[in-house]
file entry.pdb (PDB, C-alpha atoms and all ligand atoms)
ATOM      1  CA  MET A1437      22.250  -1.100 -53.968
ATOM      2  CA  SER A1438      22.785  -2.868 -50.659
ATOM      3  CA  VAL A1439      21.931  -1.103 -47.426
ATOM      4  CA  ALA A1440      24.475  -0.876 -44.612
ATOM      5  CA  PRO A1441      23.293  -2.817 -41.574
ATOM      6  CA  PRO A1442      21.593  -0.506 -39.069
ATOM      7  CA  SER A1443      23.464   0.464 -35.935
ATOM      8  CA  PRO A1444      22.128  -1.226 -32.817
ATOM      9  CA  ILE A1445      19.839   0.558 -30.382
ATOM     10  CA  PRO A1446      22.010   1.479 -27.359
ATOM     11  CA  ARG A1447      21.088  -0.509 -24.262
ATOM     12  CA  LEU A1448      21.465   0.751 -20.721
ATOM     13  CA  GLY A1449      20.597  -0.673 -17.321
ATOM     14  CA  PRO A1450      18.952   0.703 -14.183
ATOM     15  CA  SER A1451      22.318   1.786 -12.761
ATOM     16  CA  SER A1452      23.675   3.377 -15.957
ATOM     17  CA  SER A1453      24.954   6.916 -15.575
ATOM     18  CA  GLU A1454      23.370  10.117 -16.821
ATOM     19  CA  ALA A1455      26.386  10.533 -19.107
ATOM     20  CA  ASP A1456      25.694   7.147 -20.749
ATOM     21  CA  LEU A1457      22.066   8.157 -21.274
ATOM     22  CA  ARG A1458      23.045  11.489 -22.809
ATOM     23  CA  ASP A1459      25.636   9.889 -25.114
ATOM     24  CA  ALA A1460      23.160   7.272 -26.328
ATOM     25  CA  LEU A1461      20.472   9.863 -27.074
ATOM     26  CA  SER A1462      22.888  12.221 -28.808
ATOM     27  CA  GLU A1463      24.358   9.499 -31.031
ATOM     28  CA  ALA A1464      21.384   7.242 -31.767
ATOM     29  CA  GLY A1465      18.406   9.445 -30.848
ATOM     30  CA  CYS A1466      17.049   6.426 -29.002
ATOM     31  CA  CYS A1467      17.960   3.859 -26.347
ATOM     32  CA  VAL A1468      16.467   1.163 -24.165
ATOM     33  CA  VAL A1469      16.921   1.346 -20.396
ATOM     34  CA  GLU A1470      16.327  -2.237 -19.348
ATOM     35  CA  GLN A1471      14.187  -2.820 -16.265
ATOM     36  CA  ALA A1472      14.131   0.800 -15.152
ATOM     37  CA  VAL A1473      11.240  -0.224 -12.859
ATOM     38  CA  SER A1474      10.096  -3.576 -11.481
ATOM     39  CA  ALA A1475       7.572  -5.892 -13.130
ATOM     40  CA  GLU A1476       5.244  -5.198 -10.158
ATOM     41  CA  VAL A1477       5.125  -1.498 -11.037
ATOM     42  CA  MET A1478       4.070  -2.406 -14.584
ATOM     43  CA  ASP A1479       1.437  -4.856 -13.308
ATOM     44  CA  ALA A1480       0.022  -2.060 -11.157
ATOM     45  CA  VAL A1481      -0.181   0.322 -14.140
ATOM     46  CA  ALA A1482      -1.963  -2.374 -16.171
ATOM     47  CA  ALA A1483      -4.410  -3.075 -13.331
ATOM     48  CA  GLU A1484      -5.236   0.641 -13.060
ATOM     49  CA  MET A1485      -5.721   1.140 -16.816
ATOM     50  CA  LEU A1486      -7.387  -2.100 -17.982
ATOM     51  CA  PRO A1487     -10.800  -1.261 -16.427
ATOM     52  CA  PHE A1488     -11.008   1.647 -18.906
ATOM     53  CA  VAL A1489      -9.842   0.063 -22.156
ATOM     54  CA  ASP A1490     -13.073  -1.564 -23.293
ATOM     55  CA  ALA A1491     -14.646   1.871 -23.697
ATOM     56  CA  THR A1492     -11.841   2.830 -26.112
ATOM     57  CA  ALA A1493     -12.371   2.482 -29.869
ATOM     58  CA  PHE A1494      -9.779   0.703 -32.008
ATOM     59  CA  GLY A1495      -7.913   2.783 -34.571
ATOM     60  CA  THR A1496      -9.659   3.360 -37.888
ATOM     61  CA  THR A1497      -6.625   4.018 -40.113
ATOM     62  CA  ASP A1498      -3.535   2.008 -41.025
ATOM     63  CA  PHE A1499      -1.445   4.520 -39.102
ATOM     64  CA  ALA A1500      -3.541   4.431 -35.922
ATOM     65  CA  GLY A1501      -3.842   0.644 -36.310
ATOM     66  CA  ILE A1502      -7.095  -1.293 -36.532
ATOM     67  CA  GLY A1503      -5.600  -3.733 -34.034
ATOM     68  CA  THR A1504      -4.471  -1.004 -31.645
ATOM     69  CA  ARG A1505      -6.264   0.758 -28.816
ATOM     70  CA  ARG A1506      -4.910   3.926 -27.215
ATOM     71  CA  THR A1507      -6.580   4.851 -23.956
ATOM     72  CA  GLY A1508      -6.029   8.304 -22.525
ATOM     73  CA  LEU A1509      -6.156  10.011 -19.119
ATOM     74  CA  VAL A1510      -3.259   7.877 -17.869
ATOM     75  CA  VAL A1511      -2.070  10.602 -15.477
ATOM     76  CA  GLY A1512      -5.421  10.746 -13.729
ATOM     77  CA  ARG A1513      -6.258   7.058 -13.912
ATOM     78  CA  SER A1514      -2.930   5.565 -12.903
ATOM     79  CA  ARG A1515      -1.570   6.565  -9.538
ATOM     80  CA  THR A1516       1.386   4.293 -10.262
ATOM     81  CA  PHE A1517       2.162   6.281 -13.406
ATOM     82  CA  ARG A1518       2.117   9.488 -11.336
ATOM     83  CA  ASP A1519       4.235   8.049  -8.523
ATOM     84  CA  HIS A1520       6.724   5.878 -10.404
ATOM     85  CA  LEU A1521       6.916   6.666 -14.130
ATOM     86  CA  ALA A1522       5.973  10.267 -14.941
ATOM     87  CA  ARG A1523       9.005  11.859 -13.255
ATOM     88  CA  HIS A1524      11.294   8.836 -13.205
ATOM     89  CA  PRO A1525      14.918  10.065 -12.910
ATOM     90  CA  PHE A1526      15.763   8.637 -16.362
ATOM     91  CA  VAL A1527      12.841  10.561 -17.904
ATOM     92  CA  VAL A1528      13.912  13.807 -16.246
ATOM     93  CA  SER A1529      17.551  13.348 -17.316
ATOM     94  CA  ALA A1530      16.606  12.386 -20.875
ATOM     95  CA  GLY A1531      14.245  15.354 -21.237
ATOM     96  CA  ASP A1532      16.726  17.824 -19.737
ATOM     97  CA  HIS A1533      19.245  16.658 -22.337
ATOM     98  CA  VAL A1534      17.131  16.242 -25.502
ATOM     99  CA  LEU A1535      14.825  19.242 -24.968
ATOM    100  CA  ASP A1536      17.521  21.593 -23.711
ATOM    101  CA  SER A1537      16.832  24.259 -26.326
ATOM    102  CA  ALA A1538      13.720  25.312 -24.374
ATOM    103  CA  LEU A1539      13.492  26.958 -20.961
ATOM    104  CA  VAL A1540      11.024  24.322 -19.777
ATOM    105  CA  TRP A1541       9.545  21.129 -21.164
ATOM    106  CA  ASN A1542       6.267  19.430 -20.377
ATOM    107  CA  LEU A1543       4.472  16.151 -20.508
ATOM    108  CA  SER A1544       2.584  16.360 -23.812
ATOM    109  CA  PHE A1545       0.471  13.220 -23.584
ATOM    110  CA  ALA A1546       0.356   9.859 -21.835
ATOM    111  CA  HIS A1547      -1.545   7.002 -23.459
ATOM    112  CA  PHE A1548      -1.956   3.319 -22.636
ATOM    113  CA  PHE A1549      -1.327   1.260 -25.790
ATOM    114  CA  GLU A1550      -2.666  -2.206 -26.545
ATOM    115  CA  LEU A1551      -1.266  -3.855 -29.690
ATOM    116  CA  PHE A1552      -3.165  -6.996 -30.631
ATOM    117  CA  PRO A1553      -2.040 -10.074 -32.589
ATOM    118  CA  GLY A1554      -2.546  -9.622 -36.330
ATOM    119  CA  GLU A1555      -1.667  -5.922 -36.346
ATOM    120  CA  PRO A1556       0.726  -5.164 -39.245
ATOM    121  CA  ALA A1557       3.789  -2.959 -38.873
ATOM    122  CA  GLN A1558       3.106   0.770 -38.681
ATOM    123  CA  LEU A1559       4.615   3.143 -41.248
ATOM    124  CA  LEU A1560       8.050   4.314 -40.112
ATOM    125  CA  HIS A1561       7.621   7.987 -39.277
ATOM    126  CA  ARG A1562       8.888  10.919 -37.272
ATOM    127  CA  ASP A1563       6.536  11.972 -34.480
ATOM    128  CA  THR A1564       7.230  15.628 -35.286
ATOM    129  CA  TRP A1565       5.103  15.163 -38.435
ATOM    130  CA  LYS A1566       2.031  15.455 -36.226
ATOM    131  CA  TYR A1567       2.568  19.200 -35.868
ATOM    132  CA  GLY A1568       2.059  19.842 -39.596
ATOM    133  CA  ALA A1569       4.754  22.499 -39.273
ATOM    134  CA  PRO A1570       7.993  23.290 -41.117
ATOM    135  CA  PRO A1571      10.974  21.256 -39.869
ATOM    136  CA  PHE A1572      12.111  22.253 -36.408
ATOM    137  CA  PRO A1573      15.717  23.383 -35.920
ATOM    138  CA  ALA A1574      16.086  21.340 -32.734
ATOM    139  CA  GLU A1575      14.474  18.332 -31.101
ATOM    140  CA  VAL A1576      11.037  19.269 -29.777
ATOM    141  CA  ASP A1577       9.738  15.866 -28.639
ATOM    142  CA  LEU A1578      10.987  13.017 -26.515
ATOM    143  CA  ASN A1579       9.076   9.755 -26.099
ATOM    144  CA  ALA A1580       9.279   7.374 -23.187
ATOM    145  CA  LEU A1581       7.612   4.100 -24.199
ATOM    146  CA  TRP A1582       7.295   1.939 -21.092
ATOM    147  CA  ALA A1583       7.203  -1.834 -21.602
ATOM    148  CA  VAL A1584       4.166  -2.854 -19.551
ATOM    149  CA  THR A1585       4.669  -6.334 -21.060
ATOM    150  CA  ASP A1586       7.854  -7.587 -22.736
ATOM    151  CA  PHE A1587       8.489  -6.126 -26.203
ATOM    152  CA  ASN A1588       9.749  -9.037 -28.321
ATOM    153  CA  GLU A1589      10.317 -10.348 -31.866
ATOM    154  CA  THR A1590       6.710 -11.435 -32.340
ATOM    155  CA  ASN A1591       4.514  -9.069 -30.312
ATOM    156  CA  GLY A1592       5.157  -5.831 -32.199
ATOM    157  CA  ALA A1593       8.234  -4.373 -30.509
ATOM    158  CA  THR A1594       8.771  -0.847 -31.854
ATOM    159  CA  ARG A1595      11.059  -0.642 -34.917
ATOM    160  CA  LEU A1596      13.526   2.248 -34.993
ATOM    161  CA  VAL A1597      16.233   3.621 -37.260
ATOM    162  CA  PRO A1598      19.046   4.577 -34.860
ATOM    163  CA  GLY A1599      20.791   7.772 -35.924
ATOM    164  CA  SER A1600      17.956   8.940 -38.197
ATOM    165  CA  HIS A1601      17.367  11.992 -35.978
ATOM    166  CA  LEU A1602      20.391  13.468 -37.753
ATOM    167  CA  TRP A1603      19.099  12.845 -41.290
ATOM    168  CA  ASP A1604      18.113  15.536 -43.774
ATOM    169  CA  ASP A1605      14.399  16.224 -43.791
ATOM    170  CA  ASP A1606      13.740  14.616 -47.165
ATOM    171  CA  ARG A1607      15.508  11.315 -46.465
ATOM    172  CA  ARG A1608      13.287   8.276 -45.796
ATOM    173  CA  PRO A1609      14.200   4.850 -44.411
ATOM    174  CA  VAL A1610      14.523   1.937 -46.825
ATOM    175  CA  PRO A1611      13.883  -1.718 -45.916
ATOM    176  CA  GLY A1612      16.647  -3.093 -43.734
ATOM    177  CA  GLU A1613      17.473   0.147 -41.946
ATOM    178  CA  ASP A1614      15.174  -0.420 -38.959
ATOM    179  CA  VAL A1615      15.791  -2.579 -35.888
ATOM    180  CA  GLY A1616      13.476  -3.907 -33.173
ATOM    181  CA  ALA A1617      13.537  -2.429 -29.669
ATOM    182  CA  PHE A1618      13.264  -5.688 -27.765
ATOM    183  CA  ALA A1619      12.923  -5.008 -24.068
ATOM    184  CA  PRO A1620      11.878  -6.910 -20.989
ATOM    185  CA  LYS A1621       8.849  -5.736 -19.024
ATOM    186  CA  GLY A1622       9.742  -2.739 -16.820
ATOM    187  CA  SER A1623      12.091  -1.244 -19.424
ATOM    188  CA  VAL A1624      11.698   2.159 -21.029
ATOM    189  CA  LEU A1625      12.438   2.921 -24.672
ATOM    190  CA  PHE A1626      13.403   6.534 -25.334
ATOM    191  CA  TYR A1627      13.280   8.047 -28.816
ATOM    192  CA  THR A1628      13.280  11.619 -29.955
ATOM    193  CA  GLY A1629      10.709  13.254 -32.229
ATOM    194  CA  LYS A1630      13.126  13.134 -35.181
ATOM    195  CA  VAL A1631      13.921   9.410 -35.029
ATOM    196  CA  PHE A1632      12.155   7.268 -37.634
ATOM    197  CA  HIS A1633      10.211   4.551 -35.869
ATOM    198  CA  GLY A1634       6.904   2.688 -35.876
ATOM    199  CA  GLY A1635       5.074  -0.080 -34.064
ATOM    200  CA  GLY A1636       6.261  -3.518 -35.223
ATOM    201  CA  ALA A1637       4.080  -6.243 -36.745
ATOM    202  CA  HIS A1638       2.355  -8.403 -34.145
ATOM    203  CA  THR A1639       2.775 -11.888 -35.558
ATOM    204  CA  GLY A1640       2.186 -13.634 -32.236
ATOM    205  CA  ASP A1641      -0.367 -16.278 -31.378
ATOM    206  CA  ALA A1642      -3.681 -14.718 -30.318
ATOM    207  CA  ASP A1643      -4.323 -17.668 -27.973
ATOM    208  CA  ALA A1644      -1.057 -17.309 -26.076
ATOM    209  CA  GLU A1645      -1.000 -15.959 -22.527
ATOM    210  CA  ASP A1646      -0.296 -12.211 -22.430
ATOM    211  CA  SER A1647      -0.597 -11.998 -26.209
ATOM    212  CA  VAL A1648      -1.424  -8.273 -26.229
ATOM    213  CA  ARG A1649       1.626  -5.985 -26.187
ATOM    214  CA  LEU A1650       0.963  -3.342 -23.526
ATOM    215  CA  ALA A1651       2.809  -0.030 -23.243
ATOM    216  CA  VAL A1652       2.486   3.415 -21.782
ATOM    217  CA  ASN A1653       3.589   6.097 -24.204
ATOM    218  CA  ALA A1654       4.539   9.316 -22.433
ATOM    219  CA  GLN A1655       5.517  12.007 -24.872
ATOM    220  CA  HIS A1656       7.242  15.189 -23.740
ATOM    221  CA  SER A1657       7.655  18.398 -25.652
ATOM    222  CA  VAL A1658       9.324  21.781 -25.372
ATOM    223  CA  GLY A1659       7.255  24.309 -23.449
ATOM    224  CA  TRP A1660       6.671  26.627 -26.395
ATOM    225  CA  LEU A1661       4.771  23.955 -28.340
ATOM    226  CA  GLY A1662       1.160  23.073 -27.689
ATOM    227  CA  GLN A1663       0.747  19.983 -25.531
ATOM    228  CA  THR A1664      -0.961  17.150 -27.407
ATOM    229  CA  GLU A1665      -3.464  16.737 -24.581
ATOM    230  CA  ARG A1666      -5.307  19.671 -22.998
ATOM    231  CA  MET A1667      -4.091  18.580 -19.601
ATOM    232  CA  LEU A1668      -5.369  21.532 -17.595
ATOM    233  CA  LEU A1669      -8.844  20.672 -18.863
ATOM    234  CA  GLU A1670      -8.334  17.011 -17.997
ATOM    235  CA  TYR A1671      -6.851  17.712 -14.568
ATOM    236  CA  PRO A1672      -8.313  20.937 -13.160
ATOM    237  CA  PRO A1673      -7.348  21.986  -9.610
ATOM    238  CA  HIS A1674     -10.206  20.088  -7.943
ATOM    239  CA  VAL A1675      -8.886  16.846  -9.520
ATOM    240  CA  ALA A1676      -5.162  17.441  -9.160
ATOM    241  CA  ALA A1677      -4.675  19.509  -5.971
ATOM    242  CA  SER A1678      -3.182  16.613  -3.987
ATOM    243  CA  TRP A1679      -0.612  15.701  -6.626
ATOM    244  CA  ASP A1680       3.076  16.390  -6.284
ATOM    245  CA  ASP A1681       4.063  19.987  -7.133
ATOM    246  CA  ASP A1682       6.702  18.946  -9.682
ATOM    247  CA  LEU A1683       4.196  16.701 -11.431
ATOM    248  CA  LEU A1684       1.671  19.546 -11.537
ATOM    249  CA  ARG A1685       4.173  21.876 -13.183
ATOM    250  CA  PHE A1686       5.093  19.072 -15.570
ATOM    251  CA  ILE A1687       1.496  18.673 -16.807
ATOM    252  CA  GLY A1688       1.196  22.394 -17.488
ATOM    253  CA  TYR A1689       0.783  24.361 -14.269
ATOM    254  CA  GLN A1690       3.822  26.476 -15.083
ATOM    255  CA  ARG A1691       4.963  29.304 -17.296
ATOM    256  CA  THR A1692       6.576  27.940 -20.423
ATOM    257  CA  GLY A1693       8.591  30.942 -21.595
ATOM    258  CA  PRO A1694       9.513  34.457 -20.506
ATOM    259  CA  ALA A1695       6.005  35.647 -21.471
ATOM    260  CA  LEU A1696       4.183  32.410 -22.215
ATOM    261  CA  GLY A1697       1.696  30.254 -20.365
ATOM    262  CA  HIS A1698       0.183  32.948 -18.152
ATOM    263  CA  TRP A1699      -2.991  32.656 -16.169
ATOM    264  CA  ARG A1700      -5.357  35.543 -15.353
ATOM    265  CA  ASN A1701      -3.374  38.819 -14.964
ATOM    266  CA  ALA A1702      -0.116  37.423 -16.342
ATOM    267  CA  GLU A1703       0.236  35.213 -13.258
ATOM    268  CA  ASP A1704       1.878  31.813 -12.851
ATOM    269  CA  PRO A1705      -0.782  29.115 -13.469
ATOM    270  CA  PHE A1706       0.505  27.204 -10.423
ATOM    271  CA  LEU A1707      -1.362  29.845  -8.386
ATOM    272  CA  ALA A1708      -4.585  28.138  -9.459
ATOM    273  CA  ILE A1709      -3.469  25.090  -7.471
ATOM    274  CA  GLU A1710      -2.325  27.152  -4.499
ATOM    275  CA  GLU A1711      -5.576  29.094  -4.344
ATOM    276  CA  TYR A1712      -7.599  25.877  -4.536
ATOM    277  CA  ARG A1713      -5.523  24.342  -1.734
ATOM    278  CA  MET A1714      -5.997  27.422   0.474
ATOM    279  CA  ALA A1715      -9.753  27.284  -0.033
ATOM    280  CA  ASN A1716      -9.888  23.490   0.432
ATOM    281  CA  PRO A1717      -7.134  22.546   2.925
ATOM    282  CA  SER A1718      -8.029  18.862   3.001
ATOM    283  CA  ALA A1719      -7.640  18.612  -0.796
ATOM    284  CA  ALA A1720      -3.943  19.405  -0.496
ATOM    285  CA  ALA A1721      -3.136  16.351   1.633
ATOM    286  CA  VAL A1722      -1.213  13.832  -0.444
ATOM    287  CA  PRO A1723      -2.335  10.302   0.475
ATOM    288  CA  PRO A1724       0.565   8.001   1.422
ATOM    289  CA  GLU A1725       2.066   6.070  -1.437
ATOM    290  CA  THR A1726       0.801   2.523  -1.740
ATOM    291  CA  VAL A1727       2.980  -0.442  -2.674
ATOM    292  CA  PRO A1728       1.789  -1.460  -6.136
ATOM    293  CA  PRO A1729      -0.216  -4.687  -5.881
ATOM    294  CA  LYS A1730       0.897  -7.687  -7.937
ATOM    295  CA  THR A1731      -1.741  -8.401 -10.555
ATOM    296  CA  VAL A1732      -1.782 -10.053 -13.947
ATOM    297  CA  PRO A1733      -3.561  -8.239 -16.802
ATOM    298  CA  PRO A1734      -6.521 -10.182 -18.232
ATOM    299  CA  LYS A1735      -6.204 -11.566 -21.754
ATOM    300  CA  LYS A1736      -8.084  -9.715 -24.510
ATOM    301  CA  GLU A1737      -9.720 -10.940 -27.701
ATOM    302  CA  SER A1738      -7.931  -9.870 -30.864
ATOM    303  CA  PRO A1739     -10.126  -7.862 -33.264
ATOM    304  CA  THR A1740      -7.864  -8.773 -36.186
ATOM    305  CA  SER A1741      -7.751 -12.558 -35.717
TER     306      SER A1741
HETATM  307  O1  LIG B1801       3.489   1.397 -30.548
HETATM  308  C1  LIG B1801       4.629   1.661 -30.904
HETATM  309  O2  LIG B1801       5.566   0.870 -30.754
HETATM  310  C2  LIG B1801       4.939   3.003 -31.550
HETATM  311  C3  LIG B1801       3.698   3.769 -31.921
HETATM  312  C4  LIG B1801       4.017   5.057 -32.598
HETATM  313  O3  LIG B1801       5.122   5.334 -32.927
HETATM  314  C5  LIG B1801       2.962   6.061 -32.870
HETATM  315  O4  LIG B1801       1.784   5.722 -32.793
HETATM  316  O5  LIG B1801       3.312   7.218 -33.174
HETATM  317 FE    FE B1802       5.318   7.446 -33.417
END

call {"tool": "encode", "arguments": {"input": "entry.pdb", "output": "structure tokens"}}
result
Amino acid sequence: MSVAPPSPIPRLGPSSSEADLRDALSEAGCCVVEQAVSAEVMDAVAAEMLPFVDATAFGTTDFAGIGTRRTGLVVGRSRTFRDHLARHPFVVSAGDHVLDSALVWNLSFAHFFELFPGEPAQLLHRDTWKYGAPPFPAEVDLNALWAVTDFNETNGATRLVPGSHLWDDDRRPVPGEDVGAFAPKGSVLFYTGKVFHGGGAHTGDADAEDSVRLAVNAQHSVGWLGQTERMLLEYPPHVAASWDDDLLRFIGYQRTGPALGHWRNAEDPFLAIEEYRMANPSAAAVPPETVPPKTVPPKKESPTS
């Protein structure tokens, strides 16, 4: 039986409207917003994260990828992520649309991904499988995968099955149904938790400049689900007091339902930040935003070559 060619991944630009973004996500469950930020912003994220990656272990399973490293604590380590990516207007609009069944939605995790030459394609999957729960009636997750380098035909651009967010729970993709999310550096790929997708095969030359595919994966989830990262443990008030209030709520300093997410005597957890700021007035001062410096990420050895 021949398979119908997959529909293309919708492509938007930095000046596309909110309506275009909503339509793309409703119909395909995914889209690329080309060059949502400048290449300099991505270089700054890479420069902030690369000092930490050598302490990160490679994956130990086919799914995690033995040629893939995922380094955490992106919110704390990358000021550029906090200032330019975390609450980017496209992210906020996409989350408000896809996760609209919940009163609030949060950042669930933010990881810095390195995909090295030689890494095979990842199993096509739905991210909602990670919860080990019965199928959800609505979308609970939304990914923003930021292209810190180009995503192209050879360096493992994510493969997706547009429209598969609407499939029955027992349907699985067959070969030929997935398409590559090619995207220039600075773009953001959105896909919902129900869209089948997976990292592509990295068939590129390990000796080429910029051979490692770099990405920041920010995943967002409805407020009534557990965040993937224990962010309040990672970013307690003495670490995070100077951050923007909206960002603080977004990482978990907020109630997440009518009677959910309390702190102490059923209080709003944002009070923990306010009390810390009152006791430590200088900690509340937000340092002025810096222009991201232009830097080129160093080349890495491939563990699979
Ligand atoms: O790296 C990618 O392109 C996607 C990775 C992914 O889907 C996952 O690890 O869940
Ligand atoms: Fe995934």

call {"tool": "residues_around", "arguments": {"input": "entry.pdb", "residues": "Pro1570 of chain A", "least_positions_apart": "4", "cutoff": "10 Å", "atoms": "all atoms listed in the file", "output": "list in words"}}
result
Thr1564, Trp1565 and Asp1605 of chain A

call {"tool": "residues_near_ligand", "arguments": {"input": "entry.pdb", "ligand": "ligand LIG 1801 (chain B)", "cutoff": "7 Å", "atoms": "all atoms listed in the file", "output": "count of residues only"}}
result
10

call {"tool": "residues_near_ligand", "arguments": {"input": "entry.pdb", "ligand": "ligand FE 1802 (chain B)", "cutoff": "12 Å", "atoms": "all atoms listed in the file", "output": "PyMOL selection string"}}
result
chain A and resi 1499-1501+1549+1557-1566+1577-1581+1594-1596+1626-1636+1653-1655

call {"tool": "write_last_selection", "arguments": {"input": "entry.pdb", "atoms": "C-alpha atoms", "output": "PDB file, in the frame of the given file"}}
result
ATOM      1  CA  PHE A1499      -1.445   4.520 -39.102  1.00  0.00           C
ATOM      2  CA  ALA A1500      -3.541   4.431 -35.922  1.00  0.00           C
ATOM      3  CA  GLY A1501      -3.842   0.644 -36.310  1.00  0.00           C
ATOM      4  CA  PHE A1549      -1.327   1.260 -25.790  1.00  0.00           C
ATOM      5  CA  ALA A1557       3.789  -2.959 -38.873  1.00  0.00           C
ATOM      6  CA  GLN A1558       3.106   0.770 -38.681  1.00  0.00           C
ATOM      7  CA  LEU A1559       4.615   3.143 -41.248  1.00  0.00           C
ATOM      8  CA  LEU A1560       8.050   4.314 -40.112  1.00  0.00           C
ATOM      9  CA  HIS A1561       7.621   7.987 -39.277  1.00  0.00           C
ATOM     10  CA  ARG A1562       8.888  10.919 -37.272  1.00  0.00           C
ATOM     11  CA  ASP A1563       6.536  11.972 -34.480  1.00  0.00           C
ATOM     12  CA  THR A1564       7.230  15.628 -35.286  1.00  0.00           C
ATOM     13  CA  TRP A1565       5.103  15.163 -38.435  1.00  0.00           C
ATOM     14  CA  LYS A1566       2.031  15.455 -36.226  1.00  0.00           C
ATOM     15  CA  ASP A1577       9.738  15.866 -28.639  1.00  0.00           C
ATOM     16  CA  LEU A1578      10.987  13.017 -26.515  1.00  0.00           C
ATOM     17  CA  ASN A1579       9.076   9.755 -26.099  1.00  0.00           C
ATOM     18  CA  ALA A1580       9.279   7.374 -23.187  1.00  0.00           C
ATOM     19  CA  LEU A1581       7.612   4.100 -24.199  1.00  0.00           C
ATOM     20  CA  THR A1594       8.771  -0.847 -31.854  1.00  0.00           C
ATOM     21  CA  ARG A1595      11.059  -0.642 -34.917  1.00  0.00           C
ATOM     22  CA  LEU A1596      13.526   2.248 -34.993  1.00  0.00           C
ATOM     23  CA  PHE A1626      13.403   6.534 -25.334  1.00  0.00           C
ATOM     24  CA  TYR A1627      13.280   8.047 -28.816  1.00  0.00           C
ATOM     25  CA  THR A1628      13.280  11.619 -29.955  1.00  0.00           C
ATOM     26  CA  GLY A1629      10.709  13.254 -32.229  1.00  0.00           C
ATOM     27  CA  LYS A1630      13.126  13.134 -35.181  1.00  0.00           C
ATOM     28  CA  VAL A1631      13.921   9.410 -35.029  1.00  0.00           C
ATOM     29  CA  PHE A1632      12.155   7.268 -37.634  1.00  0.00           C
ATOM     30  CA  HIS A1633      10.211   4.551 -35.869  1.00  0.00           C
ATOM     31  CA  GLY A1634       6.904   2.688 -35.876  1.00  0.00           C
ATOM     32  CA  GLY A1635       5.074  -0.080 -34.064  1.00  0.00           C
ATOM     33  CA  GLY A1636       6.261  -3.518 -35.223  1.00  0.00           C
ATOM     34  CA  ASN A1653       3.589   6.097 -24.204  1.00  0.00           C
ATOM     35  CA  ALA A1654       4.539   9.316 -22.433  1.00  0.00           C
ATOM     36  CA  GLN A1655       5.517  12.007 -24.872  1.00  0.00           C
TER      37      GLN A1655
END

call {"tool": "resolve_selection", "arguments": {"input": "entry.pdb", "expression": "the PyMOL selection byres (((chain A and resi 1537) around 12) and not hetatm)", "output": "list in words"}}
result
Gly1531, Asp1532, His1533, Val1534, Leu1535, Asp1536, Ala1538, Leu1539, Val1540, Trp1541, Phe1572, Pro1573, Ala1574, Glu1575, Val1576, Asp1577, Ser1657, Val1658, Gly1659, Trp1660 and Gly1693 of chain A

call {"tool": "atom_distance", "arguments": {"input": "entry.pdb", "atom1": "atom CA of Arg1458 of chain A", "atom2": "atom CA of Val1481 of chain A"}}
result
27.2 Å

call {"tool": "closest_residue", "arguments": {"input": "entry.pdb", "among": "A:Pro1620, A:Gly1688, A:Pro1556, A:Pro1609", "to": "Asp1498 of chain A", "atoms": "all atoms listed in the file"}}
result
A:Pro1556

call {"tool": "atom_distance", "arguments": {"input": "entry.pdb", "atom1": "atom CA of Phe1548 of chain A", "atom2": "atom CA of His1524 of chain A"}}
result
17.2 Å

call {"tool": "closest_residue", "arguments": {"input": "entry.pdb", "among": "A:Gly1503, A:Pro1553, A:Pro1446, A:Gly1616", "to": "Cys1467 of chain A", "atoms": "only C-alpha atoms"}}
result
A:Pro1446

call {"tool": "closest_residue", "arguments": {"input": "entry.pdb", "among": "A:Met1667, A:Leu1707, A:Ala1651, A:Leu1683", "to": "Trp1582 of chain A", "atoms": "only C-alpha atoms"}}
result
A:Ala1651

call {"tool": "residues_near_point", "arguments": {"input": "entry.pdb", "point": "(20.5, 3.5, -38.2)", "cutoff": "8 Å", "atoms": "all atoms listed in the file", "output": "mmCIF file with C-alpha atoms, in the coordinates of the input"}}
result
data_model
loop_
_atom_site.group_PDB
_atom_site.id
_atom_site.type_symbol
_atom_site.label_atom_id
_atom_site.label_comp_id
_atom_site.auth_asym_id
_atom_site.auth_seq_id
_atom_site.Cartn_x
_atom_site.Cartn_y
_atom_site.Cartn_z
ATOM 1 C CA PRO A 1441 23.293 -2.817 -41.574
ATOM 2 C CA PRO A 1442 21.593 -0.506 -39.069
ATOM 3 C CA SER A 1443 23.464 0.464 -35.935
ATOM 4 C CA PRO A 1444 22.128 -1.226 -32.817
ATOM 5 C CA ALA A 1464 21.384 7.242 -31.767
ATOM 6 C CA LEU A 1596 13.526 2.248 -34.993
ATOM 7 C CA VAL A 1597 16.233 3.621 -37.260
ATOM 8 C CA PRO A 1598 19.046 4.577 -34.860
ATOM 9 C CA GLY A 1599 20.791 7.772 -35.924
ATOM 10 C CA SER A 1600 17.956 8.940 -38.197
ATOM 11 C CA GLU A 1613 17.473 0.147 -41.946
ATOM 12 C CA ASP A 1614 15.174 -0.420 -38.959
#

call {"tool": "atom_distance", "arguments": {"input": "entry.pdb", "atom1": "atom CA of Ala1676 of chain A", "atom2": "atom CA of Leu1521 of chain A"}}
result
16.9 Å

call {"tool": "resolve_selection", "arguments": {"input": "entry.pdb", "expression": "the PyMOL selection byres (((chain A and resi 1705) around 10) and not hetatm)", "output": "list in words"}}
result
Leu1668, Arg1685, Gly1688, Tyr1689, Gln1690, Arg1691, Gly1697, His1698, Trp1699, Arg1700, Ala1702, Glu1703, Asp1704, Phe1706, Leu1707, Ala1708, Ile1709 and Glu1710 of chain A

call {"tool": "closest_residue", "arguments": {"input": "entry.pdb", "among": "A:Val1511, A:Val1584, A:Met1478, A:Ala1493", "to": "Phe1686 of chain A", "atoms": "only C-alpha atoms"}}
result
A:Val1511
